[in-house]
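This is run25.txt. It holds compact mmCIF, C-alpha atoms.
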# COMPACT_ATOMS: atom_id res chain seq x y z
CA MET A 1137 88.09 148.91 79.19
CA ASN A 1138 91.23 146.85 79.01
CA ASP A 1139 92.03 143.77 81.11
CA TRP A 1140 93.92 145.76 83.70
CA GLN A 1141 90.88 147.87 84.59
CA LYS A 1142 88.70 144.79 84.93
CA LYS A 1143 90.84 143.15 87.61
CA SER A 1144 89.23 142.71 91.00
CA PRO A 1145 91.00 143.38 94.33
CA LEU A 1146 90.73 139.66 95.19
CA GLU A 1147 93.20 138.83 92.41
CA TRP A 1148 96.03 140.45 94.38
CA LYS A 1149 95.60 138.29 97.50
CA THR A 1150 98.47 136.11 96.29
CA TYR A 1151 101.83 137.57 95.38
CA LYS A 1152 102.55 137.72 91.65
CA MET A 1153 105.53 138.74 89.54
CA VAL A 1154 104.35 141.13 86.84
CA LYS A 1155 105.57 143.28 84.00
CA VAL A 1156 103.95 146.72 83.89
CA ALA A 1157 103.87 148.69 80.65
CA ALA A 1158 103.44 152.38 81.36
CA VAL A 1159 103.07 155.48 79.21
CA GLU A 1160 106.12 156.93 77.41
CA LYS A 1161 107.38 153.38 76.83
CA HIS A 1162 108.40 152.80 80.47
CA GLU A 1163 108.47 149.21 81.64
CA TYR A 1164 108.68 147.92 85.19
CA GLU A 1165 109.05 144.37 86.44
CA GLY A 1166 108.74 143.10 89.99
CA TRP A 1167 106.65 141.41 92.66
CA VAL A 1168 103.33 143.14 93.31
CA LEU A 1169 103.20 144.17 96.96
CA THR A 1170 99.90 145.96 96.61
CA VAL A 1171 97.62 147.80 94.22
CA ASP A 1172 96.07 150.91 95.73
CA PRO A 1173 92.29 150.67 95.22
CA VAL A 1174 91.98 154.47 95.30
CA SER A 1175 94.57 155.53 92.73
CA ALA A 1176 95.18 152.14 91.03
CA SER A 1177 98.91 152.61 91.67
CA ILE A 1178 101.01 149.44 91.63
CA VAL A 1179 103.73 148.92 94.24
CA LEU A 1180 106.46 146.56 93.00
CA ALA A 1181 109.35 145.01 94.92
CA THR A 1182 112.62 143.94 93.29
CA PHE A 1183 115.29 142.10 95.23
CA LEU A 1184 118.84 143.35 94.64
CA GLU A 1185 122.09 141.42 95.12
CA ASN A 1186 123.11 143.17 98.32
CA GLU A 1187 120.08 142.00 100.34
CA LYS A 1188 118.34 145.33 99.72
CA VAL A 1189 114.87 145.67 98.25
CA SER A 1190 114.01 148.27 95.65
CA ILE A 1191 110.41 149.47 95.86
CA SER A 1192 108.89 151.03 92.75
CA VAL A 1193 105.49 152.68 92.69
CA VAL A 1194 103.89 153.12 89.27
CA LEU A 1195 101.07 155.63 89.48
CA GLY A 1196 97.65 154.42 88.32
CA HIS A 1197 97.19 157.03 85.62
CA ALA A 1198 100.43 155.94 83.94
CA VAL A 1199 99.67 152.21 83.77
CA GLN A 1200 98.72 150.87 80.36
CA GLU A 1201 99.08 147.11 80.64
CA VAL A 1202 99.90 144.59 83.34
CA GLU A 1203 101.17 141.15 82.38
CA ILE A 1204 101.32 138.47 85.07
CA LEU A 1205 104.54 136.47 84.67
CA ARG A 1206 104.31 134.00 87.54
CA GLU A 1207 102.92 133.29 90.98
CA GLY A 1208 105.02 133.53 94.12
CA ASP A 1209 105.98 130.35 96.01
CA ASP A 1210 105.82 130.04 99.80
CA GLU A 1211 109.38 131.31 100.31
CA MET A 1212 108.69 134.41 98.23
CA LYS A 1213 105.39 134.91 100.04
CA GLN A 1214 107.30 134.85 103.33
CA ARG A 1215 109.83 137.40 102.11
CA LEU A 1216 107.24 139.76 100.64
CA SER A 1217 104.83 139.74 103.56
CA CYS A 1218 107.64 140.91 105.86
CA ILE A 1219 108.05 144.11 103.88
CA PHE A 1220 105.79 146.85 105.27
CA ALA A 1221 104.57 144.52 108.00
CA PRO A 1222 103.36 146.48 111.04
CA GLU A 1223 105.84 146.31 113.89
CA GLU A 1224 105.18 143.67 116.52
CA SER A 1225 104.30 145.24 119.83
CA LYS A 1226 105.43 143.93 123.19
CA ALA A 1227 103.12 141.27 124.55
CA TYR A 1228 101.35 142.41 127.68
CA SER A 1229 99.39 140.19 130.04
CA PRO A 1230 95.65 140.80 130.50
CA GLU A 1231 96.29 142.40 133.92
CA GLU A 1232 98.83 144.76 132.39
CA HIS A 1233 96.35 145.63 129.63
CA GLU A 1234 93.70 146.37 132.26
CA LYS A 1235 96.10 148.55 134.24
CA ARG A 1236 97.26 150.42 131.12
CA LYS A 1237 93.65 150.96 130.10
CA ASN A 1238 92.64 152.34 133.49
CA ASP A 1239 95.71 154.57 133.73
CA LEU A 1240 95.05 155.96 130.27
CA LYS A 1241 91.35 156.45 131.04
CA THR A 1242 92.22 158.37 134.23
CA TRP A 1243 94.77 160.51 132.35
CA LEU A 1244 92.24 161.40 129.65
CA GLU A 1245 89.57 162.23 132.21
CA THR A 1246 92.06 164.46 134.05
CA ASN A 1247 92.47 166.32 130.78
CA HIS A 1248 88.69 166.75 130.57
CA ILE A 1249 88.29 164.41 127.61
CA PRO A 1250 85.13 162.26 127.61
CA VAL A 1251 86.10 158.59 127.43
CA THR A 1252 83.99 155.45 127.74
CA GLU A 1253 84.67 151.74 127.56
CA GLN A 1254 83.09 149.63 124.87
CA GLY A 1255 83.30 146.32 123.10
CA GLU A 1256 83.34 142.87 124.68
CA SER A 1257 84.73 143.04 128.20
CA GLY A 1258 85.20 146.78 127.76
CA ARG A 1259 88.60 146.38 126.09
CA THR A 1260 88.21 149.29 123.71
CA LEU A 1261 88.29 152.89 124.89
CA CYS A 1262 86.02 155.29 123.03
CA VAL A 1263 87.05 158.95 123.14
CA ALA A 1264 84.35 161.57 122.54
CA GLY A 1265 82.42 159.04 120.46
CA VAL A 1266 84.72 159.44 117.44
CA LEU A 1267 88.02 157.78 118.32
CA THR A 1268 88.71 154.26 119.57
CA ILE A 1269 91.79 152.93 121.30
CA ASP A 1270 92.54 149.21 121.34
CA PRO A 1271 94.97 147.33 123.52
CA PRO A 1272 97.89 147.87 124.11
CA TYR A 1273 96.71 151.51 124.26
CA SER A 1274 99.66 153.06 122.45
CA PRO A 1275 99.37 156.00 119.99
CA GLU A 1276 99.45 153.53 117.07
CA GLU A 1277 96.29 151.81 118.34
CA CYS A 1278 94.12 154.93 117.95
CA SER A 1279 91.53 154.82 115.15
CA SER A 1280 89.39 157.70 114.03
CA SER A 1281 87.94 159.13 110.84
CA ASN A 1282 88.73 162.67 112.04
CA GLU A 1283 92.45 163.33 111.50
CA ILE A 1284 92.56 166.43 113.70
CA ILE A 1285 91.18 164.66 116.75
CA LEU A 1286 93.40 161.68 115.93
CA SER A 1287 96.59 163.71 115.94
CA ARG A 1288 95.62 165.59 119.12
CA VAL A 1289 94.82 162.44 121.07
CA GLN A 1290 97.93 160.67 119.74
CA GLY A 1291 100.03 163.60 120.92
CA LEU A 1292 98.38 163.45 124.34
CA ILE A 1293 99.02 159.75 124.71
CA GLN A 1294 102.59 160.17 123.50
CA GLY A 1295 103.16 162.82 126.14
CA TYR A 1296 101.67 160.59 128.80
CA LEU A 1297 103.74 157.50 128.03
CA MET B 295 67.14 197.20 78.00
CA PRO B 296 64.68 194.36 77.35
CA VAL B 297 64.85 191.47 79.82
CA PRO B 298 66.31 188.45 78.01
CA VAL B 299 63.82 185.59 77.66
CA PRO B 300 65.06 182.51 79.54
CA VAL B 301 65.77 179.55 77.29
CA GLY B 302 63.76 176.45 78.13
CA VAL B 303 65.82 173.55 79.48
CA LEU B 304 65.54 170.54 77.24
CA ARG B 305 65.40 167.34 79.30
CA LEU B 306 66.03 164.24 77.27
CA PRO B 307 64.44 161.03 78.57
CA ARG B 308 67.65 159.01 78.18
CA GLY B 309 70.66 159.35 80.45
CA PRO B 310 74.30 159.31 79.25
CA ASP B 311 74.48 155.50 79.41
CA GLY B 312 71.54 155.15 77.07
CA CYS B 313 69.36 152.80 79.11
CA SER B 314 67.93 155.16 81.73
CA ARG B 315 68.80 157.95 84.08
CA GLY B 316 71.39 156.80 86.57
CA PHE B 317 73.91 154.01 86.59
CA SER B 318 73.89 151.27 84.05
CA PRO B 319 73.58 147.96 85.93
CA THR B 320 76.19 146.42 83.66
CA SER B 321 78.86 149.03 84.31
CA PRO B 322 81.90 147.72 86.23
CA ARG B 323 81.38 150.25 89.00
CA PHE B 324 77.80 149.09 89.62
CA GLN B 325 78.85 145.44 89.54
CA ALA B 326 81.67 146.02 91.98
CA LEU B 327 79.62 147.94 94.52
CA LEU B 328 76.03 146.78 94.22
CA GLY B 329 75.93 143.85 91.83
CA GLY B 330 77.03 140.39 92.84
CA ARG B 331 76.21 138.45 95.99
CA GLU B 332 76.66 139.85 99.47
CA GLU B 333 79.60 137.59 100.29
CA GLU B 334 81.40 138.52 97.08
CA VAL B 335 80.96 142.22 97.70
CA GLY B 336 82.07 141.86 101.33
CA ALA B 337 85.13 139.84 100.39
CA ALA B 338 86.10 142.30 97.67
CA GLN B 339 85.73 145.24 100.06
CA GLU B 340 87.89 143.49 102.68
CA ALA B 341 90.52 142.84 100.03
CA ARG B 342 90.40 146.50 99.02
CA ALA B 343 90.87 147.61 102.64
CA ALA B 344 93.87 145.31 103.09
CA LEU B 345 95.44 146.51 99.82
CA ARG B 346 94.92 150.14 100.78
CA GLN B 347 96.47 149.58 104.21
CA ARG B 348 99.53 147.97 102.62
CA TYR B 349 99.80 150.90 100.21
CA LEU B 350 99.67 153.44 103.04
CA ARG B 351 102.32 151.52 104.99
CA GLY B 352 104.42 151.55 101.83
CA LEU B 353 104.14 155.33 101.60
CA ALA B 354 105.07 155.60 105.28
CA ALA B 355 108.13 153.43 104.65
CA ALA B 356 109.24 155.79 101.87
CA ARG B 357 109.36 158.78 104.19
CA GLY B 358 112.83 160.25 104.57
CA ARG B 359 114.39 157.96 101.97
CA PRO B 360 116.19 159.18 98.84
CA THR B 361 113.72 158.58 96.02
CA HIS B 362 114.08 158.65 92.25
CA PHE B 363 111.07 160.14 90.44
CA SER B 364 110.21 159.57 86.76
CA LEU B 365 108.15 162.46 85.49
CA ARG B 366 106.54 163.09 82.11
CA ALA B 367 108.56 163.92 78.99
CA GLY B 368 111.49 161.84 80.17
CA VAL B 369 112.30 164.05 83.15
CA ARG B 370 113.97 162.18 86.04
CA VAL B 371 114.78 163.77 89.38
CA ASP B 372 116.11 162.67 92.76
CA ALA B 373 114.68 163.89 96.03
CA VAL B 374 113.99 162.82 99.60
CA PHE B 375 110.42 161.55 99.99
CA GLY B 376 108.38 163.74 102.32
CA ALA B 377 104.68 162.98 102.21
CA ALA B 378 101.70 162.15 100.02
CA ASP B 379 98.22 163.57 100.44
CA VAL B 380 94.99 161.60 100.70
CA GLU B 381 93.50 162.73 97.35
CA ALA B 382 96.71 161.86 95.46
CA VAL B 383 97.12 165.42 94.18
CA ALA B 384 100.79 165.95 94.97
CA PHE B 385 103.87 164.51 96.66
CA GLN B 386 105.87 166.67 99.00
CA VAL B 387 109.62 166.15 98.73
CA ASP B 388 112.70 167.57 100.41
CA ALA B 389 116.06 168.30 98.79
CA LEU B 390 114.81 168.11 95.20
CA ARG B 391 117.80 168.10 92.85
CA THR B 392 117.08 170.20 89.77
CA PRO B 393 119.39 171.50 87.03
CA LEU B 394 119.08 174.89 88.73
CA GLY B 395 120.17 173.64 92.11
CA VAL B 396 118.70 171.85 95.12
CA GLU B 397 115.24 172.96 96.29
CA ALA B 398 114.83 172.54 100.05
CA ALA B 399 111.14 171.59 99.78
CA ALA B 400 108.89 171.11 96.77
CA LEU B 401 105.60 169.67 95.61
CA LEU B 402 105.46 167.26 92.66
CA ARG B 403 102.02 166.99 91.05
CA CYS B 404 100.77 163.42 90.94
CA THR B 405 99.61 163.88 87.36
CA ASP B 406 103.20 164.71 86.38
CA VAL B 407 104.72 161.75 88.23
CA LEU B 408 104.69 158.46 86.32
CA ALA B 409 106.59 156.36 88.86
CA PHE B 410 109.03 156.63 91.74
CA SER B 411 111.34 154.19 93.45
CA PHE B 412 113.38 153.95 96.65
CA LEU B 413 115.59 151.42 98.41
CA LEU B 414 114.57 149.54 101.51
CA ASP B 415 117.17 147.93 103.71
I need this file expressed as structure tokens, please.
Amino acid sequence: MNDWQKKSPLEWKTYKMVKVAAVEKHEYEGWVLTVDPVSASIVLATFLENEKVSISVVLGHAVQEVEILREGDDEMKQRLSCIFAPEESKAYSPEEHEKRKNDLKTWLETNHIPVTEQGESGRTLCVAGVLTIDPPYSPEECSSSNEIILSRVQGLIQGYL
Amino acid sequence: MPVPVPVGVLRLPRGPDGCSRGFSPTSPRFQALLGGREEEVGAAQEARAALRQRYLRGLAAARGRPTHFSLRAGVRVDAVFGAADVEAVAFQVDALRTPLGVEAAALLRCTDVLAFSFLLD
């Protein structure tokens, strides 16, 4: 068990510049955006001169050693957290949220899909007990562990909007 | 034909880790999941979820972008990133440039891929 395998996910909460030694003598250097807990793949970001960012993903099975070169300062943290950040949605008022929720609930019920309200103040819609929809009730706000139901409901909501 | 006599199954008292049947309490996997205090385990699991979400967003950002793949034995190819599957078995790519021409769609096995990179603007 080398040092790399012993690292805990909490170590990657702060952004670090690392050098990754991979098999077949490959070497990669860059800022760690994330380390996938499932495949142990490392996602590195390198800033190029023309304002573009090069993203390199080194697959977990190819990683041999990871050397931490330095920690990121606040400015770097700002730059790195913007990459892959989820898009900001339009801000709706609580009344608009309520209206969107009721319209969506009516639409789903018209399509014979069982939907209930749950959570504090009934903000979350629960579809067939397996999928939840949070405000602002767009396709991106659907969560489910069943990908087939997820894609069907997302398609329905997309068609409705 | 005589019926073959079944061979008795020999059950050893010691598991593969030597201490008992089942997980060794000192193995990293046991420590990460069941060892340690509740808060530590919870915090580590939250960190894992956040890291995984960032990784999935990264894969989504790669979709449709020209990507350079480094495969085993020094093979390097260019393609347009299509998709990755949940078990990390293969990557689907479009317009894979090979010495024999451009393949419209192809699968690259994850075990063959060492690394890949793409540009974000």
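Of the residues listed (A:Ile1293, A:Leu1261, A:Ala1221, A:Ile1285), A:Ala1221 shows the shortest atom-to-atom separation from chain B; distances use all atoms listed in the file.
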For chain A against chain B, which residues fall within 6 Å using all atoms listed in the file, given as a PyMOL selection string?
chain A and resi 1145-1146+1170+1172-1173+1188-1195+1198+1220
One decimal, Å: what's the distance from CA of Val383 (chain B) over to CA of Asp1139 (chain A), could you say?
25.8 Å
Give as number ranges by chain each residue that has an atom at most 6 Å from (106.0, 145.5, 82.9) in the file, counting only C-alpha atoms.
A: 1155-1157, 1163-1165
How many Å separate CA of His1162 (chain A) from CA of Arg391 (chain B)?
21.8 Å
Please measure the separation of CA of Pro1230 (chain A) and CA of Gln1290 (chain A), giving the value in Å to one decimal.
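Going from CA of Pro1230 (chain A) over to CA of Gln1290 (chain A) covers 22.7 Å.
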Six-sided padding of 5 Å per side, axis-aligned box over region 1148-1160 of chain A, centre and edges in Å, one decimal, as JSON:
{"center_x": 100.9, "center_y": 146.5, "center_z": 87.5, "size_x": 20.5, "size_y": 30.8, "size_z": 30.1}
Neighbours of point (98.6, 153.9, 132.3) within 12 Å, using only C-alpha atoms, written as a list in words
Glu1231, Glu1232, His1233, Glu1234, Lys1235, Arg1236, Lys1237, Asn1238, Asp1239, Leu1240, Lys1241, Thr1242, Trp1243, Leu1244, Pro1271, Pro1272, Tyr1273, Ser1274, Ile1293, Gln1294, Gly1295, Tyr1296 and Leu1297 of chain A
Tell me which of A:Trp1140, A:Val1289, A:Gly1208, A:Ile1219 sits closest to Val1179 (chain A), counting only C-alpha atoms.
A:Ile1219
As a CSV table (one decimal) with C-alpha atoms, keeping the file's coordinate frame, please: the residues near Val387 (chain B) (cut-off 12 Å, only C-alpha atoms, same-chain neighbours under 2 positions excluded).
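For reference, out.csv as written:
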chain,number,residue,atom,x,y,z
B,356,ALA,CA,109.2,155.8,101.9
B,357,ARG,CA,109.4,158.8,104.2
B,358,GLY,CA,112.8,160.2,104.6
B,359,ARG,CA,114.4,158.0,102.0
B,360,PRO,CA,116.2,159.2,98.8
B,361,THR,CA,113.7,158.6,96.0
B,362,HIS,CA,114.1,158.6,92.2
B,363,PHE,CA,111.1,160.1,90.4
B,371,VAL,CA,114.8,163.8,89.4
B,372,ASP,CA,116.1,162.7,92.8
B,373,ALA,CA,114.7,163.9,96.0
B,374,VAL,CA,114.0,162.8,99.6
B,375,PHE,CA,110.4,161.6,100.0
B,376,GLY,CA,108.4,163.7,102.3
B,377,ALA,CA,104.7,163.0,102.2
B,378,ALA,CA,101.7,162.2,100.0
B,379,ASP,CA,98.2,163.6,100.4
B,384,ALA,CA,100.8,166.0,95.0
B,385,PHE,CA,103.9,164.5,96.7
B,389,ALA,CA,116.1,168.3,98.8
B,390,LEU,CA,114.8,168.1,95.2
B,391,ARG,CA,117.8,168.1,92.8
B,396,VAL,CA,118.7,171.8,95.1
B,397,GLU,CA,115.2,173.0,96.3
B,398,ALA,CA,114.8,172.5,100.0
B,399,ALA,CA,111.1,171.6,99.8
B,400,ALA,CA,108.9,171.1,96.8
B,401,LEU,CA,105.6,169.7,95.6
B,402,LEU,CA,105.5,167.3,92.7
B,403,ARG,CA,102.0,167.0,91.0
B,410,PHE,CA,109.0,156.6,91.7
Just want the 10 Å neighbourhood of Gln1254 (chain A), counted on all atoms listed in the file, with same-chain residues fewer than 6 positions away dropped. Output as a short mmCIF file (atom, residue, chain, number, x, y, z; two decimals) with C-alpha atoms, in the coordinates of the input.
data_model
loop_
_atom_site.label_atom_id
_atom_site.label_comp_id
_atom_site.auth_asym_id
_atom_site.auth_seq_id
_atom_site.Cartn_x
_atom_site.Cartn_y
_atom_site.Cartn_z
CA THR A 1260 88.21 149.29 123.71
CA LEU A 1261 88.29 152.89 124.89
CA CYS A 1262 86.02 155.29 123.03
CA THR A 1268 88.71 154.26 119.57
CA ILE A 1269 91.79 152.93 121.30
#
For region 350-361 of chain B, supply all heavy atoms and format the output as a compact mmCIF listing (two decimals), keeping the file's coordinate frame.
# COMPACT_ATOMS: atom_id res chain seq x y z
N LEU B 350 99.36 152.34 102.14
CA LEU B 350 99.67 153.44 103.04
C LEU B 350 100.92 153.14 103.85
O LEU B 350 101.74 154.03 104.10
CB LEU B 350 98.47 153.71 103.96
CG LEU B 350 97.23 154.23 103.26
CD1 LEU B 350 96.06 154.32 104.22
CD2 LEU B 350 97.48 155.57 102.62
N ARG B 351 101.09 151.88 104.26
CA ARG B 351 102.32 151.52 104.99
C ARG B 351 103.53 151.68 104.07
O ARG B 351 104.60 152.07 104.51
CB ARG B 351 102.23 150.08 105.49
CG ARG B 351 101.25 149.93 106.64
CD ARG B 351 101.43 148.61 107.37
NE ARG B 351 100.34 148.39 108.29
CZ ARG B 351 100.27 148.90 109.50
NH1 ARG B 351 101.24 149.65 109.95
NH2 ARG B 351 99.23 148.65 110.27
N GLY B 352 103.32 151.37 102.78
CA GLY B 352 104.42 151.55 101.83
C GLY B 352 104.83 153.01 101.72
O GLY B 352 106.01 153.34 101.71
N LEU B 353 103.83 153.91 101.67
CA LEU B 353 104.14 155.33 101.60
C LEU B 353 104.86 155.78 102.87
O LEU B 353 105.78 156.59 102.83
CB LEU B 353 102.86 156.15 101.44
CG LEU B 353 102.18 156.12 100.08
CD1 LEU B 353 100.99 157.04 100.08
CD2 LEU B 353 103.15 156.55 98.98
N ALA B 354 104.42 155.24 104.01
CA ALA B 354 105.07 155.60 105.28
C ALA B 354 106.51 155.13 105.29
O ALA B 354 107.39 155.80 105.82
CB ALA B 354 104.30 154.99 106.45
N ALA B 355 106.76 153.96 104.68
CA ALA B 355 108.13 153.43 104.65
C ALA B 355 109.03 154.27 103.77
O ALA B 355 110.25 154.30 103.96
CB ALA B 355 108.11 151.99 104.13
N ALA B 356 108.43 154.99 102.79
CA ALA B 356 109.24 155.79 101.87
C ALA B 356 109.73 157.08 102.53
O ALA B 356 110.69 157.69 102.06
CB ALA B 356 108.42 156.15 100.63
N ARG B 357 109.07 157.48 103.59
CA ARG B 357 109.36 158.78 104.19
C ARG B 357 110.81 158.90 104.60
O ARG B 357 111.35 158.02 105.28
CB ARG B 357 108.45 158.96 105.41
CG ARG B 357 108.50 160.33 105.98
CD ARG B 357 107.48 160.49 107.09
NE ARG B 357 107.73 161.70 107.82
CZ ARG B 357 107.47 162.92 107.37
NH1 ARG B 357 106.92 163.06 106.19
NH2 ARG B 357 107.77 163.99 108.08
N GLY B 358 111.45 160.00 104.17
CA GLY B 358 112.83 160.25 104.57
C GLY B 358 113.85 159.52 103.72
O GLY B 358 115.06 159.70 103.93
N ARG B 359 113.42 158.71 102.79
CA ARG B 359 114.39 157.96 101.97
C ARG B 359 114.66 158.68 100.66
O ARG B 359 113.76 159.25 100.07
CB ARG B 359 113.86 156.56 101.66
CG ARG B 359 113.69 155.72 102.89
CD ARG B 359 113.41 154.28 102.51
NE ARG B 359 112.93 153.55 103.65
CZ ARG B 359 113.70 152.86 104.48
NH1 ARG B 359 114.99 152.81 104.28
NH2 ARG B 359 113.18 152.22 105.50
N PRO B 360 115.89 158.61 100.16
CA PRO B 360 116.19 159.18 98.84
C PRO B 360 115.38 158.42 97.78
O PRO B 360 115.40 157.20 97.73
CB PRO B 360 117.69 158.92 98.66
CG PRO B 360 118.21 158.59 100.01
CD PRO B 360 117.08 158.04 100.80
N THR B 361 114.63 159.18 97.00
CA THR B 361 113.72 158.58 96.02
C THR B 361 114.03 159.12 94.63
O THR B 361 114.41 160.28 94.47
CB THR B 361 112.26 158.95 96.38
OG1 THR B 361 112.09 158.74 97.78
CG2 THR B 361 111.26 158.12 95.62
